[in-house]
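Notes for the one structure printed next.
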Protein chains: 2
Amino acid sequence: MLLFDAKYKEECISMRKIEILDSTLRDGSQTKGISFTIQDKIKIIEILDFLGIHIIEAGNPFSNPKDRELFKLLSEKKLLNSSIAVFGSTRKPNSNIETDGPVSAVADLPVEYVSIVGKCWDYHVTNVLNTTLEENLKMITDTVRYLTKKGKKVIFDAEHFFNSYSNNPEYAMKTLEAACDAGAYNLSLCDTNGAYFPDQIFEITSKVVKMFNTKVGIHCHNDTGMAVAASIMAVKAGACQVQGTINGYGERCGNADLCTLIPNLQLKMGLDCIDPKNMKNLTYVSKSLSEIANLLPEEKSPYVGLNAFAHKAGMHSDAIAKAADSYEHISPEIVGNSRQILMSEVAGRGAIINIIKSIDPTIDRNSQITAQILATLKERELEGYQYEGAESSFEILIRKALHKYKPFFKLISFKVIDEPSGNENNSMAMIKIDVDGQEEITAAEGDGPVNAMDKALRKALERFYPIIREVKLTDYKVRVLDSNAATAAKVRVIIQSSDGIKHWSTIGVSTNIIDASWNALVDSIEYKLLIEN
Amino acid sequence: MLLFDAKYKEECISMRKIEILDSTLRDGSQTKGISFTIQDKIKIIEILDFLGIHIIEAGNPFSNPKDRELFKLLSEKKLLNSSIAVFGSTRKPNSNIETDGPVSAVADLPVEYVSIVGKCWDYHVTNVLNTTLEENLKMITDTVRYLTKKGKKVIFDAEHFFNSYSNNPEYAMKTLEAACDAGAYNLSLCDTNGAYFPDQIFEITSKVVKMFNTKVGIHCHNDTGMAVAASIMAVKAGACQVQGTINGYGERCGNADLCTLIPNLQLKMGLDCIDPKNMKNLTYVSKSLSEIANLLPEEKSPYVGLNAFAHKAGMHSDAIAKAADSYEHISPEIVGNSRQILMSEVAGRGAIINIIKSIDPTIDRNSQITAQILATLKERELEGYQYEGAESSFEILIRKALHKYKPFFKLISFKVIDEPSGNENNSMAMIKIDVDGQEEITAAEGDGPVNAMDKALRKALERFYPIIREVKLTDYKVRVLDSNAATAAKVRVIIQSSDGIKHWSTIGVSTNIIDASWNALVDSIEYKLLIEN
């Protein structure tokens, strides 16, 4: 019995539709250094849904309690575009499917798709799973049939499929046949250890596509640096589901990068993956994910990397000015990215002149003050400041340069005390300020020194500027620059604030995290007062 | 007249020899953030020579004075394995080759190879170069013939060749014919804006290989994430020179990465690129280059990346223990890399049992204590701990569970004071501890509260444990978890320490950054005392 017959697959290929399965939360979370919280995972699902990914593989609730909690929360969540898949394995060898805990628990989850990983490599069945080839086929049949009967669409993850096929093509095909006959929604061919070359992937995928009427998917890893190319070649061979992760996150060298694959498939091959109007959100999605993962944003990634359209001064920038397509394969705006001409002061002015003009329209790009501001900016960036993402601090910097700034208060003294020995270390901050000759002294305590500082400063100022009661800090980020200097290293703090309507972000840099946070806090408060006065 | 006839090319292919041209110093130096000094360039040349790269494209002396100086120094340098190529362009339109400054200066340099970039794309000739198609062919002929007569081996860099061929195959082939007839050493087909897919590269390269008797080279950029795959497919089509850069450095998304290409060609395809005994130096070469470039070392790069053989998933680590090749396409030692088993919530017993056994060999994977430790690990990760990258804190956790741990000191009181108002905020820390009934009180100041805490703690302990004078903190990282809680958010601190011989890393998590840092600091000091006692 087949859930999907030949007609479906032909339709899928002739419609030039490619189904995208995102595994950032499952395979991606295997990346060294990534440890998503449940809130992170929910945020990522919202972002993937917004991009229009078809299937989100959200995790494996039987490998860890975090994912169990996640699926609880997901059962109450409505998504606009995406369906959720849960990840699991075939039943254990020589066990009864009806009493196999993990399989029946997966069946009970309120999700549309189930990814079931099964062994296809004879060597792996006998040497890692320690069972017979025959029993492994039964495990596949039982599991896929059981879940299909329970109404799930079963994505059969054919683990090590390409190794399996190379070693014992007959057995490899039998595993797919078992899944297919048991009603699998699709056969997802996995190059699990990332060893296969695109031409090999093409050849083997072609054979599978010809042999089965079920949809075929492709799941590649990047251990030979060719996961994207291999996925593309599988699609050319007839695969119509592509699995990957945002930014290519994943164990070892990562999975096939969806931020490269989606535009390759859609913009270059004319296939239909996501709503075309969402293509311009791709760079945003890549950056958001690196932010959530607390990894550096991708630099040289195709399409979405910070440098993907960066040209160094010289021949190329000249040619770009004459004919952009001579050194750009697509226009960066299509994926929401932008061109950078590096080491070019002219470009630098162009970027900041709009902000300057918004404060003082009489200034233009050739004013002396513009050059001064640019010089200050470059100096600050050399110190570790980074104003992309801290635009309000940059605006304050410009206002100071234009003498369009007055301080709203004078700090007389400030002291923060921590006692890390206690069980509950409530940091304490004492502050004394002067506002137009009137002094105020107060204190506050908080979770950590920065929280205490924040509360004390606002408590002291509220008497003079009641409006700052509206301000809430919504985000606080710390990045250690030059972390080799260890605890004496320079840190960059970025704070995001909101008054419920407007959002702004400010920055502080110092070798002392308290100072860096203080500078970002002061900018945040002053910015609110500036826009209200 | 052809310098190399068909016999040479056939021999090259039948011998399965692939010539490697490294362009790290030329195309690689276009990377955003890279600015090599002359000493850097010399060091890189020595490293490439040591690896056994055939041709090193050292730079373009007519684009910058640094490269002029470099070629002066190189003329006195003896290399073991590599030849140097200088980079230049065809003569200017409508000029006389004998009086074209850059071309004749290139001819006078004491180098074996000259890379000459020429235009092949009709659109580019007319729109960027602003000359006629006919004149462009003459420029190629004149330049290649002149340099060949001067005894140089001319590598003809056919810029935008794949765009050219797609747009006007007849003209594209004419440009190659001009270079070939004028005596070019090889025809290097460049996918300059990185737009082409591996199957297109294969098809077009095959046509060139069939048409010309000169050696064919391939030069790919990574703008669709397939530079490595495209280069491989060109080799399958008969190209016998591969151009790329170490770590894939290069403008925009980078060039084809030689650290991936060399093992792909040599280990997977059985072709001969570098001396097999040098393959184990590849990881060292990659790391050295990132060190010299002052960029972060590659993390997920195939073969040579820090994480290229890092395993996290429980299932995978278990399988690795049983049969390494199930999740590793090659043995990491072959390229001088090493395997890592990461600690994490998704890790199974297999991953942690080795650490447990190293502390107490009587415990096995089925012991009750193993399950307990695994449960604690998963709980801790739910709280925000992350033990991969903080293995020493994990070891302390295990020792505590096994009751193989005694505290080395008791904290009586601790106070950290910050005054963010001053220009130089030296944080101050006061500490009082008890070691076996003896008390010690002291204080220290530092760059920031954590630095002050670190100094105070070590100052207090030194009297009792002089050995901790050897310990230095080498890295300090902060990650804000769930940053939406702003300054009251939970933070994770990871500290790396070293005593000059051993390196270890520890973790602390708290809503208070001071507490989190304190916990990581204490683990670091205790770990040192544990391994010494």
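Ligands are numbered from 1 in the order shown, residues from 1 within each chain, and chains are lettered A, B, ... in the order they appear in the structure tokens.
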Check: as a PyMOL selection string, which residues of stretch 233-406 of chain B does DSSP assign to strand (DSSP E)?
Finding: chain B and resi 241-244+310-311+340-341
Produce a file of the selected residues containing N, CA and C atoms, as a compact mmCIF listing (two decimals), in the first residue's frame.
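The resulting file, result-v6.txt, is reproduced below:
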```txt
# COMPACT_ATOMS: atom_id res chain seq x y z
N GLN B 241 44.96 21.24 -13.80
CA GLN B 241 45.48 22.19 -12.81
C GLN B 241 44.29 22.71 -12.02
N VAL B 242 44.42 22.75 -10.69
CA VAL B 242 43.34 23.25 -9.84
C VAL B 242 43.86 24.45 -9.07
N GLN B 243 43.11 25.56 -9.17
CA GLN B 243 43.49 26.76 -8.44
C GLN B 243 42.56 26.97 -7.24
N GLY B 244 43.12 27.45 -6.17
CA GLY B 244 42.30 27.72 -5.00
C GLY B 244 43.13 28.43 -3.95
N ALA B 310 34.15 16.31 15.30
CA ALA B 310 33.54 16.44 16.63
C ALA B 310 32.18 15.78 16.61
N HIS B 311 31.93 14.89 17.57
CA HIS B 311 30.67 14.14 17.61
C HIS B 311 29.91 14.48 18.87
N GLN B 340 36.88 14.45 18.41
CA GLN B 340 36.40 14.96 19.70
C GLN B 340 35.04 14.35 19.99
N ILE B 341 34.84 13.88 21.22
CA ILE B 341 33.50 13.46 21.63
C ILE B 341 32.99 14.54 22.59
```
Contacts of B:Ala58 at 12 Å or less, counting only C-alpha atoms, minus same-chain residues fewer than 3 places along, as a short mmCIF file (atom, residue, chain, number, x, y, z; two decimals) with C-alpha atoms, in the first residue's frame?
```cif
data_model
loop_
_atom_site.label_atom_id
_atom_site.label_comp_id
_atom_site.auth_asym_id
_atom_site.auth_seq_id
_atom_site.Cartn_x
_atom_site.Cartn_y
_atom_site.Cartn_z
CA LEU B 21 48.09 26.53 -7.90
CA ASP B 22 47.64 28.42 -4.65
CA SER B 23 46.27 31.94 -4.88
CA THR B 24 46.06 32.72 -1.14
CA LEU B 25 48.46 35.65 -1.54
CA ARG B 26 46.62 37.08 -4.54
CA ASP B 27 42.90 36.21 -4.52
CA GLY B 28 43.01 35.28 -0.82
CA SER B 29 44.30 38.70 0.17
CA PHE B 36 49.16 40.51 4.98
CA ILE B 38 55.52 41.31 3.66
CA ASP B 40 53.37 37.37 6.59
CA LYS B 41 53.64 36.68 2.87
CA ILE B 42 57.12 35.22 3.17
CA LYS B 43 55.92 32.99 6.03
CA ILE B 44 52.95 31.82 3.96
CA ILE B 45 55.20 31.00 1.01
CA GLU B 46 57.42 28.92 3.29
CA LEU B 48 52.99 26.38 1.13
CA ASP B 49 56.42 25.23 -0.03
CA ILE B 55 52.75 26.93 -8.00
CA PRO B 61 53.56 43.96 -8.05
CA LYS B 66 54.01 45.74 -0.84
CA ASP B 67 54.07 43.14 -3.61
CA ARG B 68 56.92 44.96 -5.40
CA GLU B 69 58.99 44.66 -2.23
CA LEU B 70 57.94 41.00 -1.88
CA PHE B 71 59.21 40.01 -5.31
CA LYS B 72 62.54 41.67 -4.53
CA LEU B 73 62.88 39.50 -1.42
CA LEU B 74 61.70 36.40 -3.28
CA SER B 75 64.42 36.70 -5.91
CA SER B 82 57.17 25.30 -5.13
CA SER B 83 57.54 27.61 -8.09
CA ILE B 84 56.44 31.23 -7.91
CA ALA B 85 53.96 32.86 -10.28
CA VAL B 86 53.51 36.58 -10.68
CA PHE B 87 50.10 37.95 -11.58
CA GLY B 88 49.43 40.49 -14.32
CA VAL B 111 60.00 33.83 -11.75
CA GLU B 112 59.05 30.71 -13.69
CA TYR B 113 55.33 31.34 -14.13
CA VAL B 114 53.24 34.35 -15.09
CA SER B 115 49.46 34.36 -14.61
CA THR B 245 43.29 29.20 -1.66
#
```
Next item on the list: Apply DSSP to the structure's backbone, then extract all residues of stretch 195-257 of chain B labelled helix (DSSP H, G or I) and return them as a list in words.
Entry: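 Result set for stretch 195-257 of chain B (helix (DSSP H, G or I)): Pro198, Asp199, Gln200, Ile201, Phe202, Glu203, Ile204, Thr205, Ser206, Lys207, Val208, Val209, Lys210, Met211, Ala227, Val228, Ala229, Ala230, Ser231, Ile232, Met233, Ala234, Val235, Lys236, Ile246, Asn247 and Gly248 of chain B.
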Checklist line | Contacts of A:Glu135 at 9 Å (only C-alpha atoms; same-chain gap of 5+ positions) as a count of residues only | finding: 3
Next item on the list: Give me the residues within 8 Å of A:Phe409 as a list in words, counting only C-alpha atoms and dropping any in the same chain fewer than 6 places off.
Entry: Ile433, Asp434, Val435 and Asp436 of chain A
Could you write out the selected residues, including C-alpha atoms, as a PDB file, in the first residue's frame?
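Listed below is the output, result.pdb:
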```
ATOM      1  CA  ILE A 433      23.271  62.238  40.605  1.00  0.00           C
ATOM      2  CA  ASP A 434      22.824  65.974  39.955  1.00  0.00           C
ATOM      3  CA  VAL A 435      20.080  67.287  37.668  1.00  0.00           C
ATOM      4  CA  ASP A 436      20.232  71.068  37.173  1.00  0.00           C
TER       5      ASP A 436
END
```
Note to self: Just the number, please: Cα RMSD of chain B on chain A after least-squares superposition over all C-alpha atoms matched in order.
What the structure shows: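 Between chain A and chain B, the C-alpha RMSD is 5.7 Å.
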Notebook entry, point to check: When you draw a straight line from atom CA of B:Asn426 to atom CA of B:Gly448, how long is it in Å?
Noted result: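 We find that atom CA of B:Asn426 and atom CA of B:Gly448 lie 6.5 Å from each other.
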Pick out the residues sitting within 7 Å of B:Pro332, and hand them over as an mmCIF file with C-alpha atoms, in the first residue's frame; count only C-alpha atoms, and ignore anything fewer than 6 positions along from it in its own chain.
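Contents of selection05.cif, as written:
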```
data_model
loop_
_atom_site.group_PDB
_atom_site.id
_atom_site.type_symbol
_atom_site.label_atom_id
_atom_site.label_comp_id
_atom_site.auth_asym_id
_atom_site.auth_seq_id
_atom_site.Cartn_x
_atom_site.Cartn_y
_atom_site.Cartn_z
ATOM 1 C CA PHE B 309 35.554 15.296 13.583
ATOM 2 C CA SER B 338 41.736 14.634 15.758
ATOM 3 C CA ARG B 339 38.422 13.260 16.955
#
```
Item checked: For chain A, the nearest of the candidates B:Ile47, B:Val117, B:Ile525, B:Ile412, counting only C-alpha atoms ->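 With only C-alpha atoms as the atom set, the closest residue is B:Ile412.
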Notebook entry, point to check: Near B:Glu159, counting only C-alpha atoms, which residues have an atom at most 8 Å away, once you skip same-chain residues fewer than 5 positions from it, shown as a ChimeraX atom specification?
Noted result: /B:117-121,189-192
Checklist line | Top pick for closest residue to chain B, considering A:Gly500, A:Pro110, A:Gly59, A:Pro276 and counting only C-alpha atoms | finding: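 For chain B, the nearest of the candidates is A:Gly59.
Proximity to chain A was assessed for B:Val480, B:Met453, B:Ile34, B:Leu265 counting only C-alpha atoms; the smallest distance is recorded for B:Val480.
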